[in-house]
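Each remark here refers to the structure printed beneath this line.
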Amino acid sequence: MIDGGYYYIDKTLLIKDILDQGITTALFTRPRCFGKTLAQSMLKTFFEREVLPDGTVADNSVYFKGKKIMEAGEGYLRHMGKYPVISLSLKSAKQPSYEAACEKLRIEIAKEYKRHSYVLDGDLLFPSEKKEFTAAMERTAPLSEYYTSLQFLSECLEKYHGQKVIILLDEYDVPLENAYFNGFYDEMVSFMRSLFESALKTNESLNLAVVTGCLRISRESIFTGLNNLKTISVLDDSYAEYFGFTQHEVDGILDTYGIAYKREEVKDWYDGYLFGSTEVYNPWSVVNYIYDIVYGNTVFPKPYWSNTSSNSIVRELIEDADESTKQELEELVAGGTIEKPVHEDITYEDIYNSQDNLWNFLFFTGYLKAVKKSFRGRQIYLAMKIPNEEIVYIYENNIREWSERCIERQDLSGLIVALEEGDCMAASNIITAQLMEKISFYGNKEDYYHGFVAGLLKNNNKYVIKSNRESGIGRYDLALKTKRIRGGMAIILELKVADSINKLEQGCREALEQIERLRYADDILEEGYTDIIKYGICFYKKECLAMKV
């Protein structure tokens, strides 16, 4: 990144803080795409005594020239380029079967062995050790030997360098999440527990380990007996500024690229995350937004982060929601807060045991943020809300898709019949019942109700639905027209939103008056339709009232 001349936000004081706190094994949990992998790359570049293929040692200090860590003092710089480093990403284990996942892990471990194959030169390793090393590197060793492969590699590297090793493990929870959703969780837990215990607990060649992932997996799952583990989650103030962009950092980027006028839009869409007491922006979304704006790919914000995942956890929460959860989702999308107990120790097996666990998962993976903490009855509670417009989009989009799937499975011919027969009470009751069953994000938005009513009507086989079409001297909201004109029928629907339930009838009358005043029926009459019914429909939250001329 630095070689390529890219804009670089200096997070190098992360190195200082890790050294200052004297942690043996640190687990950083942050949402996806918040700079965890880049942080691991920085740590590797700083700490590693990197042996090149020609046997020389790389001078990586050039990458830190002018960076904050260089001003921190000799006590920190003496650690630069000093240690052998094992750097491993477990992301490739996202596979459909246990065998395929393990094979990908073997490949990644073998690559790291090959990167350090210089240890085979000379006589520092015994012949038996060279044989074991070569087997792991060439992937001819049995799977059971990979359980302790990181510990063995550590021992070999300490022999060669005369220094204990630093182990960097990125995306540590991907194999477990993938295994849970693909049905081989217990097998993968057993593999990961053996790998982690040997690498991080019983490894006498270990100096420091930094592990990163999205979720803190319970110690009883893979960190059994790892008493030296320090977990730094989104609840903690320490290290908060090193993952994500601060306001000052975002202002600097916007100024550099000449788009400071976009500050409020960027803040509305991509800010709002709270790590400890530090507010941060989503770095992935900010970077992609700035790129698209600068190069003319868009003039509007986009949900970049939502495209990095299926967002299945939000979809499943919506699909399984009871009445209480539906109300909580509506409160969140409307900008409100909900309060839940927080459980940091969780396994993937626990996630679906209760709604509270699902809310916890959403919080720790970036779909919610904490705005207030309290302590009651030996339990920490969080008041949580949706952090920004990008995440609101994810909720609204998933709610809309769920609602459409529900409607497609229903027979709503009764609504069509009620509109044809002028039965305002029946039409009102059917629409109200549908609103009551669904998760709404109305917020007094007419366009929400517009889309909702259009969705209720779209699967009929008799009428063609037109939306926001010019007619007369204005645009009607919705019109239903039979495919045949002669002997056919047209129905005009004009929608309003009331600010109290007592104003529903007034809203309907205003809608009917608008239909007449703007002559919405004129163009439909010109087409040849003679049987036209006009409805004014007004909404207040989940209440609907329909009236006709």
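Ligands are numbered from 1 in the order shown, chains are lettered A, B, ... in the order of the structure tokens, and residues start at 1 in each chain.
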
Problem set entry | Close residues, Phe539 (chain A) itself excluded, 10 Å, only C-alpha atoms, min 5 positions apart in chain, as a PyMOL selection string | chain A and resi 428+431-432+442+444-446+449+495-501+503-505+507-508+544-546

For this session: Could you give me, as an MDAnalysis selection string, the residues within 9 Å of Ser403 (chain A), counting only C-alpha atoms and dropping anything in the same chain fewer than 3 positions from it?
Result: chainID A and resid 398:400 406:408 438:439 452 455

Problem set entry | 10 Å contact set for Leu229 (chain A), only C-alpha atoms, chain neighbours under 5 positions out, as an MDAnalysis selection string | chainID A and resid 23:27 200:201 209:211 219 223

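DSSP annotation of region 366-398 of chain A from backbone atoms: strand (DSSP E or B) residues are Lys369, Ala370, Val371, Lys372, Lys373, Ser374, Phe375, Arg376, Gln379, Ile380, Tyr381, Leu382, Ala383, Met384 and Lys385 of chain A.
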
Go ahead and write the selection's residues with C-alpha atoms as a compact mmCIF listing (two decimals), in the first residue's frame.
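Saved the output as selection-v2.txt:
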```
# COMPACT_ATOMS: atom_id res chain seq x y z
CA LYS A 369 -24.18 0.16 18.33
CA ALA A 370 -24.31 0.80 22.08
CA VAL A 371 -25.47 4.23 23.16
CA LYS A 372 -25.73 3.58 26.90
CA LYS A 373 -24.55 0.97 29.41
CA SER A 374 -26.11 0.05 32.74
CA PHE A 375 -25.52 -2.59 35.39
CA ARG A 376 -28.43 -4.33 37.08
CA GLN A 379 -25.75 -8.11 34.42
CA ILE A 380 -24.57 -5.48 31.93
CA TYR A 381 -27.34 -4.02 29.77
CA LEU A 382 -26.89 -2.06 26.56
CA ALA A 383 -29.21 0.46 25.00
CA MET A 384 -28.63 -0.13 21.28
CA LYS A 385 -29.58 1.53 18.03
```

Problem set entry | Neighbour list for region 62-79 of chain A as a VMD selection string, cut-off 7 Å, only C-alpha atoms, skip fewer than 4 positions in-chain | chain A and resid 2 10 12 to 13 16 47

How about saving the chosen residues, N, CA and C atoms kept, as a tab-separated table (two decimals), in the first residue's frame?
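Final output, saved to selection.tsv:
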```
chain	number	residue	atom	x	y	z
A	2	ILE	N	1.88	1.27	0.87
A	2	ILE	CA	2.77	2.43	0.92
A	2	ILE	C	3.60	2.51	-0.36
A	10	ASP	N	-2.41	6.63	9.35
A	10	ASP	CA	-1.37	6.11	10.24
A	10	ASP	C	-1.97	5.52	11.52
A	12	THR	N	-0.02	3.27	13.27
A	12	THR	CA	1.14	2.53	13.75
A	12	THR	C	1.31	2.57	15.27
A	13	LEU	N	0.62	3.48	15.96
A	13	LEU	CA	0.73	3.50	17.42
A	13	LEU	C	0.03	2.31	18.06
A	16	LYS	N	2.80	0.42	19.58
A	16	LYS	CA	3.21	0.95	20.89
A	16	LYS	C	2.27	0.47	21.99
A	47	PHE	N	7.35	-6.14	13.09
A	47	PHE	CA	8.05	-7.04	14.01
A	47	PHE	C	8.96	-8.06	13.33
```

For this session: Show which residues sit within 12 Å of Lys326 (chain A), as number ranges by chain. Count only C-alpha atoms, and ignore same-chain residues fewer than 2 positions away.
Result: A: 317-324, 328-333, 338, 355, 395, 399, 435-441

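Our summary of the geometry notes that CA of Asn502 (chain A) is positioned 11.1 Å from CA of Cys538 (chain A).
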
For this session: Might you pull out every residue within 8 Å of Lys466 (chain A), with only C-alpha atoms counted and same-chain residues fewer than 3 positions away left off, and present them as a list of chain:residue names?
Result: A:Arg469, A:Leu478, A:Ala479, A:Leu480, A:Lys481

Region 171-239 of chain A near region 268-290 of chain A within 9 Å: what's each residue's closest atom pair and its distance in Å to one decimal, counting only C-alpha atoms, ordered by chain then ascending residue number, as JSON lines?
```
{"residue": "A:Ser233", "atom": "CA", "partner": "A:Phe275", "partner_atom": "CA", "distance": 7.8}
{"residue": "A:Val234", "atom": "CA", "partner": "A:Phe275", "partner_atom": "CA", "distance": 4.5}
{"residue": "A:Leu235", "atom": "CA", "partner": "A:Gly276", "partner_atom": "CA", "distance": 4.7}
{"residue": "A:Asp236", "atom": "CA", "partner": "A:Gly276", "partner_atom": "CA", "distance": 4.4}
{"residue": "A:Asp237", "atom": "CA", "partner": "A:Gly276", "partner_atom": "CA", "distance": 4.0}
{"residue": "A:Ser238", "atom": "CA", "partner": "A:Gly276", "partner_atom": "CA", "distance": 7.5}
{"residue": "A:Tyr239", "atom": "CA", "partner": "A:Phe275", "partner_atom": "CA", "distance": 8.8}
```

For this session: May I have the residues within 12 Å of Arg139 (chain A) as an MDAnalysis selection string, using only C-alpha atoms and disregarding those fewer than 4 positions away in the same chain?
Result: chainID A and resid 102:114 131:135 143:146 149

Could you turn the residues from that selection into a file that holds N, CA and C atoms, as a compact mmCIF listing (two decimals), in the first residue's frame?
```
# COMPACT_ATOMS: atom_id res chain seq x y z
N CYS A 102 -10.64 -28.30 6.10
CA CYS A 102 -9.34 -28.72 6.65
C CYS A 102 -8.25 -28.68 5.59
N GLU A 103 -8.61 -29.05 4.37
CA GLU A 103 -7.61 -29.04 3.30
C GLU A 103 -7.15 -27.60 3.03
N LYS A 104 -8.08 -26.66 3.06
CA LYS A 104 -7.70 -25.26 2.86
C LYS A 104 -6.80 -24.76 3.99
N LEU A 105 -7.08 -25.19 5.21
CA LEU A 105 -6.23 -24.81 6.33
C LEU A 105 -4.84 -25.43 6.19
N ARG A 106 -4.79 -26.66 5.75
CA ARG A 106 -3.50 -27.32 5.51
C ARG A 106 -2.70 -26.55 4.47
N ILE A 107 -3.38 -26.09 3.42
CA ILE A 107 -2.71 -25.33 2.36
C ILE A 107 -2.13 -24.03 2.91
N GLU A 108 -2.92 -23.32 3.73
CA GLU A 108 -2.45 -22.06 4.29
C GLU A 108 -1.27 -22.28 5.23
N ILE A 109 -1.36 -23.31 6.06
CA ILE A 109 -0.25 -23.60 6.98
C ILE A 109 0.99 -24.01 6.19
N ALA A 110 0.79 -24.79 5.15
CA ALA A 110 1.92 -25.23 4.32
C ALA A 110 2.61 -24.04 3.65
N LYS A 111 1.82 -23.05 3.24
CA LYS A 111 2.40 -21.84 2.64
C LYS A 111 3.30 -21.12 3.63
N GLU A 112 2.88 -21.09 4.89
CA GLU A 112 3.69 -20.41 5.90
C GLU A 112 4.97 -21.19 6.19
N TYR A 113 4.85 -22.51 6.16
CA TYR A 113 6.06 -23.34 6.28
C TYR A 113 7.01 -23.05 5.13
N LYS A 114 6.48 -22.97 3.92
CA LYS A 114 7.32 -22.72 2.75
C LYS A 114 7.98 -21.35 2.84
N LYS A 131 12.49 -33.58 8.49
CA LYS A 131 11.53 -34.48 7.84
C LYS A 131 10.10 -34.05 8.17
N GLU A 132 9.85 -33.75 9.44
CA GLU A 132 8.51 -33.32 9.86
C GLU A 132 8.16 -31.98 9.22
N PHE A 133 9.12 -31.07 9.17
CA PHE A 133 8.92 -29.75 8.56
C PHE A 133 8.55 -29.91 7.09
N THR A 134 9.32 -30.73 6.38
CA THR A 134 9.10 -30.93 4.94
C THR A 134 7.75 -31.56 4.68
N ALA A 135 7.35 -32.50 5.52
CA ALA A 135 6.05 -33.15 5.34
C ALA A 135 4.90 -32.15 5.49
N LEU A 143 -3.43 -35.29 8.87
CA LEU A 143 -4.13 -34.14 9.44
C LEU A 143 -3.81 -33.95 10.91
N SER A 144 -3.65 -35.05 11.63
CA SER A 144 -3.39 -34.97 13.08
C SER A 144 -2.12 -34.19 13.39
N GLU A 145 -1.13 -34.21 12.49
CA GLU A 145 0.11 -33.48 12.74
C GLU A 145 -0.08 -31.97 12.57
N TYR A 146 -1.13 -31.58 11.84
CA TYR A 146 -1.39 -30.15 11.68
C TYR A 146 -2.01 -29.54 12.94
N SER A 149 0.92 -28.01 14.34
CA SER A 149 1.86 -27.53 13.32
C SER A 149 2.39 -26.13 13.62
```

For this session: Write down as a ChimeraX atom specification the residues belonging to region 276-409 of chain A that are assigned alpha helix (DSSP H) by DSSP computed on the backbone.
Result: /A:283-294,312-319,323-333,355-364,389-408

If you keep C-alpha atoms, can you produce a file of those selected residues as a compact mmCIF listing (two decimals), in the first residue's frame?
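The result, written out as result17.txt:
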```txt
# COMPACT_ATOMS: atom_id res chain seq x y z
CA PRO A 283 -13.44 2.34 6.73
CA TRP A 284 -14.49 0.00 3.92
CA SER A 285 -17.50 2.10 3.03
CA VAL A 286 -15.68 5.42 3.35
CA VAL A 287 -12.85 4.31 1.06
CA ASN A 288 -15.24 2.92 -1.57
CA TYR A 289 -17.47 5.99 -1.41
CA ILE A 290 -14.55 8.39 -1.87
CA TYR A 291 -13.19 6.34 -4.78
CA ASP A 292 -16.57 6.35 -6.55
CA ILE A 293 -17.14 10.07 -5.96
CA VAL A 294 -13.65 11.07 -7.09
CA SER A 312 -28.12 -13.62 6.71
CA ILE A 313 -28.26 -12.95 10.45
CA VAL A 314 -30.54 -9.93 9.88
CA ARG A 315 -32.70 -11.93 7.50
CA GLU A 316 -33.05 -14.80 9.97
CA LEU A 317 -33.93 -12.44 12.83
CA ILE A 318 -36.70 -10.96 10.68
CA GLU A 319 -38.04 -14.31 9.48
CA GLU A 323 -44.55 -9.88 17.92
CA SER A 324 -42.14 -8.43 20.48
CA THR A 325 -39.17 -8.67 18.10
CA LYS A 326 -41.20 -7.12 15.28
CA GLN A 327 -41.95 -4.13 17.48
CA GLU A 328 -38.28 -3.84 18.43
CA LEU A 329 -37.22 -3.92 14.78
CA GLU A 330 -39.73 -1.21 13.96
CA GLU A 331 -38.42 0.90 16.83
CA LEU A 332 -34.84 0.50 15.61
CA VAL A 333 -35.57 1.33 11.97
CA GLN A 355 -33.59 -13.72 20.69
CA ASP A 356 -31.21 -12.02 23.15
CA ASN A 357 -28.32 -14.01 21.69
CA LEU A 358 -29.28 -12.89 18.19
CA TRP A 359 -29.33 -9.26 19.31
CA ASN A 360 -25.88 -9.79 20.84
CA PHE A 361 -24.59 -11.24 17.60
CA LEU A 362 -25.95 -8.25 15.68
CA PHE A 363 -24.26 -5.88 18.12
CA PHE A 364 -20.82 -7.47 18.04
CA GLU A 389 -28.10 5.08 7.10
CA GLU A 390 -26.14 2.27 5.46
CA ILE A 391 -27.20 -0.19 8.14
CA VAL A 392 -30.78 1.13 8.11
CA TYR A 393 -30.75 0.24 4.41
CA ILE A 394 -29.78 -3.35 5.25
CA TYR A 395 -32.66 -3.71 7.71
CA GLU A 396 -35.21 -2.03 5.45
CA ASN A 397 -34.14 -4.03 2.41
CA ASN A 398 -34.37 -7.34 4.28
CA ILE A 399 -37.73 -6.39 5.81
CA ARG A 400 -39.04 -5.42 2.37
CA GLU A 401 -37.90 -8.69 0.80
CA TRP A 402 -39.38 -10.72 3.68
CA SER A 403 -42.67 -8.84 3.37
CA GLU A 404 -42.79 -9.51 -0.38
CA ARG A 405 -42.19 -13.23 0.18
CA CYS A 406 -44.99 -13.33 2.76
CA ILE A 407 -47.40 -11.55 0.43
CA GLU A 408 -46.57 -13.87 -2.47
```

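Restricting the calculation to only C-alpha atoms, the smallest distance between Tyr540 (chain A) and any of A:Leu168, A:Ser194, A:Ser128, A:Gln506 is found for A:Gln506.
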
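Shortest separation to Leu206 (chain A) among A:Glu158, A:Glu249, A:Glu527, A:Asp170 occurs at residue A:Glu158, atoms counted being only C-alpha atoms.
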
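Of note, CA of Met137 (chain A) and CA of Cys156 (chain A) are spaced 13.0 Å apart.
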